[in-house]
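Enquirer: My structure is below; once you've seen it, I'll send some questions.
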There are 2 protein chains.
Amino acid sequence: MYPISIPPVDREAARAARERIDALTKPVGSLGRLEELAERLASIHGGLPPFYERRTILIGAGDHGVAQEAVSAYPSAVTPQMVGAFLGGFAAINAIARAVRADVFVADFGVAADLPAHPSLIDAKLSRGTDNLAHGPAIPLERVETTLERGREVFQTLRARTDPQAIALGEMGIANTTSAAAMICALTGAQPHEVVGRGTGIDDARLRRKVEVVEGAVARARGGDWRSIASQVGGYEIVGLSGVLLAAAQARIPVVLDGFIVSAAALLARAIAPNAIDYCIASHRSRETGHALALRELGLLPFFDLDLRLGEGSGAALAFPLLEAAARMIVEMKTFAQAGVATADAPIEA
Amino acid sequence: MYPISIPPVDREAARAARERIDALTKPVGSLGRLEELAERLASIHGGLPPFYERRTILIGAGDHGVAQEAVSAYPSAVTPQMVGAFLGGFAAINAIARAVRADVFVADFGVAADLPAHPSLIDAKLSRGTDNLAHGPAIPLERVETTLERGREVFQTLRARTDPQAIALGEMGIANTTSAAAMICALTGAQPHEVVGRGTGIDDARLRRKVEVVEGAVARARGGDWRSIASQVGGYEIVGLSGVLLAAAQARIPVVLDGFIVSAAALLARAIAPNAIDYCIASHRSRETGHALALRELGLLPFFDLDLRLGEGSGAALAFPLLEAAARMIVEMKTFAQAGVATADAPIEA
């Protein structure tokens, strides 16, 4: 199944979009990054984009054996508890989703608890958490592709349920910044001390332990191919989100990335199919050390610096109105000629 | 009438908001600037904020005699043409307003043309444009307070029409970056070369001329009180927007500031009533030189760096979903205790 092929984005549509944007009733370039976004959306859709009113936030959830190493401020029990909060509608991402008129779905890729069925919960569980990456592979090598496939199936379920025009990716998994940091180091060659951060807010002792754990795991993973890296230091929800991302790109649906952990999923997707990133849109730059590095590696420039470090898709969801604004701008605005407005070069008398 | 008194924001409500935010089911501080925003909104409303679903963008429009000095890339005829575009619904701000579900109103504070009546146009015209600030006062001294009063009346009209829970301010007026630059210099002591920028995109020759014009006007205005500064170098739409801002602050309605020109209106409002700025929220940092300086002077930190330099309220409008997200976060989220989720200190078993 993998590697897979992803259709190239439509450079000609991007060029046509740029031409149209430059003719609209505003000084050339005056909408800055909104113009870039409109171009990118045109390249993804192969023409004028939709308005993304059908927008879905997908939270990948999974547990991590490495939580035993005291690398997080929270116990693993918090993962299923927070999934319950997402499904109950009273977590941060739910409030933000209502503010931006988005649906929220949770995919259980590997939570270490039995989760009661819920209409917004997609069961994609392969294991009750990863093995402890401090001591050996987190995911059995032969299960890496299956996890990616589960991601593809989750995407297909979302399509069948709400047919989203854009997807924001988020995650929940106690200790998953440890796995994400190790993945980013192994996939990019960055050093653990550049990438490991405080996650949910750990103290100095836990931070030192986290760096040690990541150093050990990265030493094992580095130099391997993407399968071996995902196996050694991956997380079910992170690899699963890579699968969702690849499937969305194949379907030419834009994927809005959230923070640090989702950037690890994007780097894995890039290792599998480099042009998958052409379908991705960065939302915010989080406070987590290493997110800025991952975004630079991905060649993506975020829109916000809101000092977020929550995950759940919170930053990605906040970008939906920007997608809609960029799309409406290019579709709904008139050109100078259509509007009868004078340009710098061609005055039209009032 | 002026100076006027503005009620202090509610510091106790802000403290209570902070306490509640810290108890919500998320790591403390993990929503970063969204948490600060929720606190500020609580301080403005004196308690839990509304969701700002009734949101209005007000574009102040006016012409500038200084346009005769070739300081803009566009002729003054563009001001009424663009007002026509706003009212017709096909300008950038209309597309953005639809994306964020906001109303758009235009206040004519001084457009140099007769504008046909329209349900979304508020007539507040005092003059067909300012006098040329290169040669003398832009606005007769005795008309400064009247212009502020027109702003207050515009606010009252908006309240009667749509009763907005938040207002975004934008502007349209060919050559108004020249007036705004001079106002900012005169009100803050900054030097013209730090503040004057390319506006809609002028070439080097026009930029040099613009700096000269601003230097001359600032030399005349500097050291005067706010009335004299507004008279010497103000614009009808800029002073009018100061009046709207002051009236909104008196009514305890948050005011979302747009770019460079609106920041000049905010600085004038601050000179009249310093605590008016407690009701203001900065949206973006524009590409126009001097906007960052004005925001620093105002003590406001913007949310986006989108390289916008359009005006019209485009950046301010994009902040409405952030206000709603911050408000829903503090109102709709459950605390750890309510949600039955373990904290770092107090594990709750799943």
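Here, A, B, ... name the chains of the structure tokens in the order displayed, residue numbers run from 1 inside each chain, and ligands are numbered from 1 in the same displayed order.
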Got a sec to pull out which chain A residues are within 7 Å of chain B, counting only C-alpha atoms, and send them as a ChimeraX atom specification?
Expert: /A:25,27,30-33,73-74,77-78,81-82,85,90-92,95-96,99-100,200,303-310,321,324-325,328-329,332-334,339,341-344,349-350
Enquirer: Got a sec: who's within 9 Å of B:Thr130, counting only C-alpha atoms, leaving out chain neighbours fewer than 4 positions off, as an MDAnalysis selection string?
Expert: chainID B and resid 62:66 110 112 137:140 234:236
Enquirer: Return chain A as a short mmCIF file (atom, residue, chain, number, x, y, z; two decimals) with C-alpha atoms, in the first residue's frame, after superposing it on chain B by a least-squares fit that covers all C-alpha atoms paired in order.
Expert:
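After the write, part02.cif holds the following:
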```cif
data_model
loop_
_atom_site.label_atom_id
_atom_site.label_comp_id
_atom_site.auth_asym_id
_atom_site.auth_seq_id
_atom_site.Cartn_x
_atom_site.Cartn_y
_atom_site.Cartn_z
CA MET A 1 -18.69 67.86 26.17
CA TYR A 2 -15.03 66.78 26.06
CA PRO A 3 -13.08 65.58 27.97
CA ILE A 4 -15.53 62.83 28.81
CA SER A 5 -15.46 60.21 31.49
CA ILE A 6 -15.34 56.52 30.72
CA PRO A 7 -16.17 53.93 33.38
CA PRO A 8 -13.14 51.96 34.58
CA VAL A 9 -13.03 48.34 33.43
CA ASP A 10 -13.83 45.78 36.12
CA ARG A 11 -10.53 44.48 37.51
CA GLU A 12 -12.38 42.25 39.95
CA ALA A 13 -14.24 40.55 37.08
CA ALA A 14 -10.89 40.04 35.34
CA ARG A 15 -9.48 38.40 38.47
CA ALA A 16 -12.51 36.12 38.79
CA ALA A 17 -12.17 35.25 35.10
CA ARG A 18 -8.49 34.34 35.59
CA GLU A 19 -9.40 32.11 38.51
CA ARG A 20 -12.07 30.33 36.48
CA ILE A 21 -9.77 29.96 33.45
CA ASP A 22 -7.12 28.32 35.63
CA ALA A 23 -9.64 25.74 36.88
CA LEU A 24 -10.84 24.71 33.41
CA THR A 25 -9.95 21.29 31.93
CA LYS A 26 -6.66 22.24 30.29
CA PRO A 27 -3.13 22.78 31.52
CA VAL A 28 -2.87 26.19 33.21
CA GLY A 29 -1.98 28.85 30.66
CA SER A 30 -2.19 26.49 27.70
CA LEU A 31 -4.56 28.71 25.73
CA GLY A 32 -2.08 31.57 25.91
CA ARG A 33 -3.35 34.78 24.41
CA LEU A 34 -6.91 33.46 24.19
CA GLU A 35 -6.89 33.39 27.99
CA GLU A 36 -5.66 36.99 28.18
CA LEU A 37 -8.41 37.97 25.76
CA ALA A 38 -11.08 36.25 27.86
CA GLU A 39 -9.83 38.11 30.93
CA ARG A 40 -9.94 41.41 29.08
CA LEU A 41 -13.45 40.75 27.80
CA ALA A 42 -14.57 39.92 31.35
CA SER A 43 -13.06 43.20 32.56
CA ILE A 44 -14.93 45.10 29.83
CA HIS A 45 -18.28 43.44 30.50
CA GLY A 46 -17.92 43.25 34.26
CA GLY A 47 -18.48 39.49 34.25
CA LEU A 48 -18.73 36.58 31.85
CA PRO A 49 -18.79 37.97 28.30
CA PRO A 50 -21.41 37.39 25.59
CA PHE A 51 -20.42 35.47 22.45
CA TYR A 52 -20.36 38.54 20.17
CA GLU A 53 -22.66 36.99 17.61
CA ARG A 54 -24.01 40.51 16.98
CA ARG A 55 -20.85 42.00 15.52
CA THR A 56 -20.51 45.09 13.40
CA ILE A 57 -17.75 46.47 11.24
CA LEU A 58 -17.93 50.25 10.98
CA ILE A 59 -15.94 51.84 8.17
CA GLY A 60 -15.34 55.56 8.63
CA ALA A 61 -14.90 57.31 5.27
CA GLY A 62 -13.52 60.75 4.48
CA ASP A 63 -11.39 62.63 2.00
CA HIS A 64 -8.17 64.55 2.51
CA GLY A 65 -7.09 67.84 0.97
CA VAL A 66 -3.52 66.61 1.20
CA ALA A 67 -4.25 64.19 -1.65
CA GLN A 68 -3.39 67.19 -3.87
CA GLU A 69 0.24 66.76 -2.76
CA ALA A 70 0.64 63.47 -4.66
CA VAL A 71 1.13 61.49 -1.45
CA SER A 72 -1.11 58.59 -2.58
CA ALA A 73 -0.98 56.22 -5.53
CA TYR A 74 -4.74 56.68 -6.02
CA PRO A 75 -6.92 59.71 -6.84
CA SER A 76 -9.50 60.98 -4.32
CA ALA A 77 -12.25 59.76 -6.64
CA VAL A 78 -11.47 56.29 -5.29
CA THR A 79 -12.91 57.11 -1.85
CA PRO A 80 -16.58 57.36 -2.98
CA GLN A 81 -16.02 54.55 -5.48
CA MET A 82 -14.83 52.26 -2.69
CA VAL A 83 -17.73 53.33 -0.46
CA GLY A 84 -19.94 52.23 -3.34
CA ALA A 85 -18.13 48.89 -3.37
CA PHE A 86 -18.65 48.46 0.41
CA LEU A 87 -22.35 49.24 0.09
CA GLY A 88 -22.62 47.00 -2.96
CA GLY A 89 -21.08 44.15 -0.98
CA PHE A 90 -18.23 43.29 -3.34
CA ALA A 91 -15.14 44.77 -1.63
CA ALA A 92 -12.63 42.80 0.43
CA ILE A 93 -14.25 43.77 3.73
CA ASN A 94 -17.60 42.40 2.57
CA ALA A 95 -16.07 39.03 1.72
CA ILE A 96 -14.32 38.94 5.09
CA ALA A 97 -17.47 40.10 6.90
CA ARG A 98 -19.45 37.23 5.40
CA ALA A 99 -16.69 34.83 6.45
CA VAL A 100 -16.96 36.03 10.07
CA ARG A 101 -20.75 36.67 10.06
CA ALA A 102 -20.51 40.42 10.69
CA ASP A 103 -22.57 43.39 9.51
CA VAL A 104 -20.85 46.19 7.58
CA PHE A 105 -21.83 49.84 7.96
CA VAL A 106 -20.16 52.87 6.42
CA ALA A 107 -20.16 56.29 8.10
CA ASP A 108 -19.53 59.20 5.75
CA PHE A 109 -17.65 61.66 7.97
CA GLY A 110 -16.30 63.73 5.09
CA VAL A 111 -16.27 62.18 1.63
CA ALA A 112 -15.72 64.76 -1.13
CA ALA A 113 -18.72 63.60 -3.14
CA ASP A 114 -22.46 63.26 -2.70
CA LEU A 115 -23.21 59.68 -1.78
CA PRO A 116 -26.61 58.20 -2.64
CA ALA A 117 -28.58 57.05 0.39
CA HIS A 118 -28.22 53.39 1.32
CA PRO A 119 -29.50 51.41 4.33
CA SER A 120 -25.90 50.65 5.39
CA LEU A 121 -24.62 54.20 4.93
CA ILE A 122 -24.75 56.57 7.90
CA ASP A 123 -24.54 60.24 6.95
CA ALA A 124 -22.23 62.05 9.36
CA LYS A 125 -20.67 64.39 6.85
CA LEU A 126 -19.32 67.71 8.09
CA SER A 127 -17.35 68.72 5.02
CA ARG A 128 -16.36 67.49 1.59
CA GLY A 129 -12.90 66.47 2.74
CA THR A 130 -10.33 68.19 4.92
CA ASP A 131 -8.31 71.20 3.92
CA ASN A 132 -4.78 70.47 2.74
CA LEU A 133 -2.71 69.88 5.88
CA ALA A 134 0.43 70.78 3.92
CA HIS A 135 -0.71 74.41 4.02
CA GLY A 136 -2.67 74.84 7.24
CA PRO A 137 -5.20 73.22 9.57
CA ALA A 138 -6.97 70.24 8.04
CA ILE A 139 -10.13 70.74 10.13
CA PRO A 140 -11.28 74.09 11.58
CA LEU A 141 -10.50 74.02 15.31
CA GLU A 142 -14.11 74.66 16.28
CA ARG A 143 -15.22 71.63 14.27
CA VAL A 144 -13.09 69.04 16.08
CA GLU A 145 -15.57 68.40 18.90
CA THR A 146 -18.45 68.36 16.43
CA THR A 147 -16.64 65.62 14.51
CA LEU A 148 -16.21 63.60 17.71
CA GLU A 149 -19.92 64.13 18.40
CA ARG A 150 -20.76 62.83 14.95
CA GLY A 151 -18.83 59.71 15.91
CA ARG A 152 -20.93 59.36 19.05
CA GLU A 153 -24.11 59.74 17.00
CA VAL A 154 -22.88 57.09 14.56
CA PHE A 155 -22.38 54.74 17.50
CA GLN A 156 -25.91 55.46 18.69
CA THR A 157 -27.28 54.77 15.23
CA LEU A 158 -25.46 51.42 15.18
CA ARG A 159 -26.90 50.55 18.59
CA ALA A 160 -30.38 51.36 17.42
CA ARG A 161 -29.93 49.37 14.21
CA THR A 162 -28.15 46.18 15.26
CA ASP A 163 -27.25 46.55 18.96
CA PRO A 164 -23.74 45.17 18.40
CA GLN A 165 -21.93 43.29 21.17
CA ALA A 166 -18.57 44.24 19.63
CA ILE A 167 -17.49 46.75 17.01
CA ALA A 168 -14.58 46.54 14.59
CA LEU A 169 -13.35 49.87 13.26
CA GLY A 170 -12.08 50.32 9.73
CA GLU A 171 -11.59 53.25 7.38
CA MET A 172 -11.45 54.41 3.79
CA GLY A 173 -10.00 57.71 2.65
CA ILE A 174 -7.44 58.36 -0.07
CA ALA A 175 -4.34 59.98 1.49
CA ASN A 176 -5.43 59.18 5.04
CA THR A 177 -2.15 57.44 5.90
CA THR A 178 -0.55 60.90 5.58
CA SER A 179 -2.96 62.38 8.13
CA ALA A 180 -2.65 59.31 10.39
CA ALA A 181 1.16 59.46 10.29
CA ALA A 182 1.12 63.13 11.26
CA MET A 183 -1.37 62.48 14.07
CA ILE A 184 0.73 59.63 15.44
CA CYS A 185 3.90 61.75 15.36
CA ALA A 186 2.19 64.72 17.02
CA LEU A 187 0.48 62.57 19.66
CA THR A 188 3.46 60.38 20.56
CA GLY A 189 6.59 62.40 19.75
CA ALA A 190 7.71 59.83 17.17
CA GLN A 191 9.66 61.09 14.13
CA PRO A 192 8.00 61.15 10.68
CA HIS A 193 10.64 58.85 9.13
CA GLU A 194 9.73 56.18 11.74
CA VAL A 195 6.03 56.43 11.05
CA VAL A 196 5.46 57.32 7.38
CA GLY A 197 5.03 54.30 5.13
CA ARG A 198 3.97 53.45 1.61
CA GLY A 199 0.21 53.34 2.30
CA THR A 200 -1.50 51.77 -0.71
CA GLY A 201 1.93 51.31 -2.32
CA ILE A 202 3.63 54.54 -3.39
CA ASP A 203 7.00 54.82 -5.10
CA ASP A 204 10.15 56.36 -3.61
CA ALA A 205 9.50 59.86 -4.98
CA ARG A 206 6.02 59.99 -3.47
CA LEU A 207 7.35 58.54 -0.22
CA ARG A 208 9.94 61.37 0.03
CA ARG A 209 7.23 63.93 -0.67
CA LYS A 210 4.97 62.30 1.93
CA VAL A 211 7.70 62.46 4.61
CA GLU A 212 8.29 66.15 3.79
CA VAL A 213 4.60 66.95 4.02
CA VAL A 214 4.28 65.10 7.33
CA GLU A 215 7.39 66.80 8.72
CA GLY A 216 6.01 70.23 7.90
CA ALA A 217 2.59 69.49 9.35
CA VAL A 218 3.95 67.84 12.49
CA ALA A 219 6.21 70.84 13.15
CA ARG A 220 3.01 72.91 13.29
CA ALA A 221 0.98 70.43 15.33
CA ARG A 222 3.49 69.15 17.86
CA GLY A 223 3.15 70.42 21.39
CA GLY A 224 -0.50 71.34 20.94
CA ASP A 225 -3.32 69.71 22.89
CA TRP A 226 -5.46 67.00 21.29
CA ARG A 227 -7.92 69.54 19.87
CA SER A 228 -5.19 71.44 18.10
CA ILE A 229 -3.49 68.27 16.83
CA ALA A 230 -6.80 66.95 15.46
CA SER A 231 -7.39 70.31 13.81
CA GLN A 232 -3.93 70.69 12.30
CA VAL A 233 -3.43 67.18 10.90
CA GLY A 234 -6.59 65.13 11.53
CA GLY A 235 -9.04 63.62 9.11
CA TYR A 236 -12.82 63.67 9.47
CA GLU A 237 -13.05 59.89 9.37
CA ILE A 238 -10.15 59.48 11.81
CA VAL A 239 -11.51 61.94 14.37
CA GLY A 240 -15.00 60.55 13.78
CA LEU A 241 -13.74 57.05 14.57
CA SER A 242 -12.20 58.40 17.79
CA GLY A 243 -15.70 59.58 18.67
CA VAL A 244 -17.17 56.15 17.90
CA LEU A 245 -14.46 54.50 20.02
CA LEU A 246 -15.11 56.81 23.00
CA ALA A 247 -18.86 56.24 22.80
CA ALA A 248 -18.41 52.46 22.59
CA ALA A 249 -16.09 52.52 25.61
CA GLN A 250 -18.64 54.56 27.55
CA ALA A 251 -21.19 51.89 26.69
CA ARG A 252 -18.71 49.13 27.70
CA ILE A 253 -18.64 47.58 24.23
CA PRO A 254 -15.29 46.15 23.08
CA VAL A 255 -13.73 47.91 20.10
CA VAL A 256 -11.52 45.90 17.77
CA LEU A 257 -8.90 48.08 16.13
CA ASP A 258 -7.79 47.54 12.56
CA GLY A 259 -4.54 48.94 11.18
CA PHE A 260 -2.42 52.05 11.03
CA ILE A 261 -5.13 54.68 10.54
CA VAL A 262 -7.43 53.29 13.20
CA SER A 263 -4.45 53.26 15.58
CA ALA A 264 -4.20 57.04 15.04
CA ALA A 265 -7.88 57.34 15.98
CA ALA A 266 -7.19 55.26 19.10
CA LEU A 267 -4.25 57.47 20.08
CA LEU A 268 -6.47 60.54 19.77
CA ALA A 269 -9.14 58.83 21.89
CA ARG A 270 -6.48 58.03 24.47
CA ALA A 271 -5.40 61.68 24.56
CA ILE A 272 -9.03 62.57 25.35
CA ALA A 273 -9.74 59.73 27.81
CA PRO A 274 -6.78 57.47 28.58
CA ASN A 275 -8.80 54.52 29.89
CA ALA A 276 -10.76 54.27 26.63
CA ILE A 277 -7.94 51.98 25.47
CA ASP A 278 -8.93 49.43 28.13
CA TYR A 279 -11.95 48.72 25.89
CA CYS A 280 -9.81 48.21 22.79
CA ILE A 281 -8.49 44.98 21.29
CA ALA A 282 -5.70 45.01 18.71
CA SER A 283 -6.26 42.60 15.83
CA HIS A 284 -3.29 42.53 13.48
CA ARG A 285 0.07 44.19 12.91
CA SER A 286 0.00 45.64 9.41
CA ARG A 287 2.81 46.02 6.96
CA GLU A 288 2.52 49.82 7.19
CA THR A 289 5.57 51.34 8.90
CA GLY A 290 4.49 52.94 12.13
CA HIS A 291 1.60 50.63 12.97
CA ALA A 292 3.81 48.56 15.27
CA LEU A 293 5.00 51.79 16.91
CA ALA A 294 1.42 52.99 17.43
CA LEU A 295 0.41 49.64 18.95
CA ARG A 296 3.35 49.75 21.34
CA GLU A 297 2.33 53.27 22.36
CA LEU A 298 -1.19 52.02 22.97
CA GLY A 299 0.15 49.08 24.99
CA LEU A 300 -1.73 46.61 22.78
CA LEU A 301 -0.41 43.34 21.40
CA PRO A 302 -1.97 42.18 18.12
CA PHE A 303 -3.02 38.59 17.37
CA PHE A 304 -2.02 38.26 13.71
CA ASP A 305 0.87 39.19 11.48
CA LEU A 306 -0.82 38.71 8.15
CA ASP A 307 1.06 41.40 6.20
CA LEU A 308 -2.21 43.22 5.63
CA ARG A 309 -2.16 46.84 4.52
CA LEU A 310 -5.63 47.31 3.16
CA GLY A 311 -7.61 49.00 5.90
CA GLU A 312 -11.42 48.82 5.55
CA GLY A 313 -11.46 46.95 8.88
CA SER A 314 -10.16 43.81 7.19
CA GLY A 315 -7.78 42.77 9.98
CA ALA A 316 -10.15 43.78 12.77
CA ALA A 317 -12.97 41.71 11.31
CA LEU A 318 -10.76 38.61 11.27
CA ALA A 319 -10.44 38.90 15.06
CA PHE A 320 -14.17 38.42 15.75
CA PRO A 321 -13.91 34.60 15.82
CA LEU A 322 -11.13 34.94 18.42
CA LEU A 323 -13.42 37.02 20.64
CA GLU A 324 -16.13 34.40 20.30
CA ALA A 325 -13.66 31.56 20.97
CA ALA A 326 -12.31 33.28 24.08
CA ALA A 327 -15.81 34.00 25.35
CA ARG A 328 -17.09 30.47 24.70
CA MET A 329 -13.97 29.04 26.32
CA ILE A 330 -14.57 30.77 29.62
CA VAL A 331 -18.34 30.34 29.59
CA GLU A 332 -18.79 26.85 28.14
CA MET A 333 -15.80 24.82 29.33
CA LYS A 334 -16.10 22.73 32.48
CA THR A 335 -13.59 22.81 35.31
CA PHE A 336 -11.49 19.74 36.12
CA ALA A 337 -13.75 19.05 39.08
CA GLN A 338 -16.98 19.40 37.06
CA ALA A 339 -15.60 17.24 34.27
CA GLY A 340 -14.14 14.50 36.46
CA VAL A 341 -10.71 14.84 34.87
CA ALA A 342 -7.51 14.25 36.82
CA THR A 343 -5.16 17.19 37.34
CA ALA A 344 -1.41 17.04 37.76
CA ASP A 345 -1.89 17.35 41.53
CA ALA A 346 -5.16 15.53 42.02
CA PRO A 347 -5.47 12.37 39.95
CA ILE A 348 -9.01 11.10 39.35
CA GLU A 349 -8.99 7.46 38.31
CA ALA A 350 -10.63 6.70 34.96
#
```
Enquirer: Could you write out, as a ChimeraX atom specification, all the residues of stretch 52-167 of chain B that DSSP marks as strand (DSSP E)?
Expert: /B:55-62,103-110,121-123,166-167
Enquirer: Limited to N, CA, C and O atoms, could you put the picked residues into a file as an mmCIF file, in the first residue's frame?
Expert:
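What ended up in out.cif:
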```
data_model
loop_
_atom_site.group_PDB
_atom_site.id
_atom_site.type_symbol
_atom_site.label_atom_id
_atom_site.label_comp_id
_atom_site.auth_asym_id
_atom_site.auth_seq_id
_atom_site.Cartn_x
_atom_site.Cartn_y
_atom_site.Cartn_z
ATOM 1 N N ARG B 55 -22.152 41.351 15.718
ATOM 2 C CA ARG B 55 -20.844 42.000 15.521
ATOM 3 C C ARG B 55 -20.908 42.900 14.304
ATOM 4 O O ARG B 55 -21.429 42.513 13.255
ATOM 5 N N THR B 56 -20.392 44.098 14.469
ATOM 6 C CA THR B 56 -20.505 45.093 13.415
ATOM 7 C C THR B 56 -19.137 45.649 13.047
ATOM 8 O O THR B 56 -18.318 45.916 13.925
ATOM 9 N N ILE B 57 -18.928 45.782 11.743
ATOM 10 C CA ILE B 57 -17.745 46.472 11.242
ATOM 11 C C ILE B 57 -18.197 47.855 10.811
ATOM 12 O O ILE B 57 -19.109 47.977 9.993
ATOM 13 N N LEU B 58 -17.590 48.881 11.386
ATOM 14 C CA LEU B 58 -17.916 50.241 10.976
ATOM 15 C C LEU B 58 -16.730 50.820 10.222
ATOM 16 O O LEU B 58 -15.631 50.935 10.779
ATOM 17 N N ILE B 59 -16.982 51.215 8.977
ATOM 18 C CA ILE B 59 -15.936 51.850 8.166
ATOM 19 C C ILE B 59 -16.180 53.349 8.150
ATOM 20 O O ILE B 59 -17.210 53.810 7.656
ATOM 21 N N GLY B 60 -15.255 54.105 8.718
ATOM 22 C CA GLY B 60 -15.329 55.554 8.631
ATOM 23 C C GLY B 60 -14.698 56.007 7.311
ATOM 24 O O GLY B 60 -13.595 55.582 6.981
ATOM 25 N N ALA B 61 -15.409 56.858 6.574
ATOM 26 C CA ALA B 61 -14.890 57.308 5.278
ATOM 27 C C ALA B 61 -14.760 58.820 5.250
ATOM 28 O O ALA B 61 -15.594 59.535 5.811
ATOM 29 N N GLY B 62 -13.695 59.296 4.605
ATOM 30 C CA GLY B 62 -13.496 60.735 4.484
ATOM 31 C C GLY B 62 -12.397 61.037 3.487
ATOM 32 O O GLY B 62 -11.542 60.183 3.223
ATOM 33 N N ASP B 103 -21.950 42.331 10.314
ATOM 34 C CA ASP B 103 -22.560 43.392 9.511
ATOM 35 C C ASP B 103 -21.508 44.403 9.118
ATOM 36 O O ASP B 103 -20.542 44.611 9.853
ATOM 37 N N VAL B 104 -21.737 45.094 8.009
ATOM 38 C CA VAL B 104 -20.858 46.186 7.595
ATOM 39 C C VAL B 104 -21.685 47.462 7.470
ATOM 40 O O VAL B 104 -22.713 47.477 6.777
ATOM 41 N N PHE B 105 -21.236 48.513 8.149
ATOM 42 C CA PHE B 105 -21.815 49.836 7.968
ATOM 43 C C PHE B 105 -20.714 50.812 7.570
ATOM 44 O O PHE B 105 -19.561 50.632 7.963
ATOM 45 N N VAL B 106 -21.102 51.820 6.797
ATOM 46 C CA VAL B 106 -20.156 52.870 6.420
ATOM 47 C C VAL B 106 -20.672 54.182 6.994
ATOM 48 O O VAL B 106 -21.858 54.489 6.853
ATOM 49 N N ALA B 107 -19.787 54.935 7.663
ATOM 50 C CA ALA B 107 -20.148 56.285 8.109
ATOM 51 C C ALA B 107 -19.399 57.282 7.232
ATOM 52 O O ALA B 107 -18.173 57.251 7.167
ATOM 53 N N ASP B 108 -20.146 58.137 6.558
ATOM 54 C CA ASP B 108 -19.524 59.189 5.750
ATOM 55 C C ASP B 108 -19.266 60.388 6.656
ATOM 56 O O ASP B 108 -20.166 61.159 6.954
ATOM 57 N N PHE B 109 -18.007 60.510 7.106
ATOM 58 C CA PHE B 109 -17.639 61.644 7.959
ATOM 59 C C PHE B 109 -17.139 62.821 7.132
ATOM 60 O O PHE B 109 -16.979 63.909 7.660
ATOM 61 N N GLY B 110 -16.825 62.568 5.855
ATOM 62 C CA GLY B 110 -16.286 63.702 5.090
ATOM 63 C C GLY B 110 -15.814 63.314 3.703
ATOM 64 O O GLY B 110 -14.723 63.708 3.276
ATOM 65 N N LEU B 121 -25.425 52.971 4.924
ATOM 66 C CA LEU B 121 -24.616 54.192 4.945
ATOM 67 C C LEU B 121 -25.174 55.150 5.987
ATOM 68 O O LEU B 121 -26.367 55.461 5.974
ATOM 69 N N ILE B 122 -24.318 55.607 6.886
ATOM 70 C CA ILE B 122 -24.734 56.566 7.905
ATOM 71 C C ILE B 122 -24.135 57.919 7.543
ATOM 72 O O ILE B 122 -22.918 58.060 7.416
ATOM 73 N N ASP B 123 -25.014 58.900 7.372
ATOM 74 C CA ASP B 123 -24.539 60.227 6.958
ATOM 75 C C ASP B 123 -24.072 61.000 8.188
ATOM 76 O O ASP B 123 -24.876 61.350 9.044
ATOM 77 N N ALA B 166 -19.949 43.813 19.859
ATOM 78 C CA ALA B 166 -18.563 44.242 19.640
ATOM 79 C C ALA B 166 -18.526 44.984 18.313
ATOM 80 O O ALA B 166 -19.313 44.691 17.404
ATOM 81 N N ILE B 167 -17.616 45.949 18.236
ATOM 82 C CA ILE B 167 -17.488 46.750 17.012
ATOM 83 C C ILE B 167 -16.053 46.696 16.525
ATOM 84 O O ILE B 167 -15.122 46.880 17.306
#
```
Enquirer: Once DSSP has gone over the backbone, tell me which residues of stretch 196-273 of chain B are in alpha helix (DSSP H), as a ChimeraX atom specification.
Expert: /B:204-221,226-233,236-250,260-272
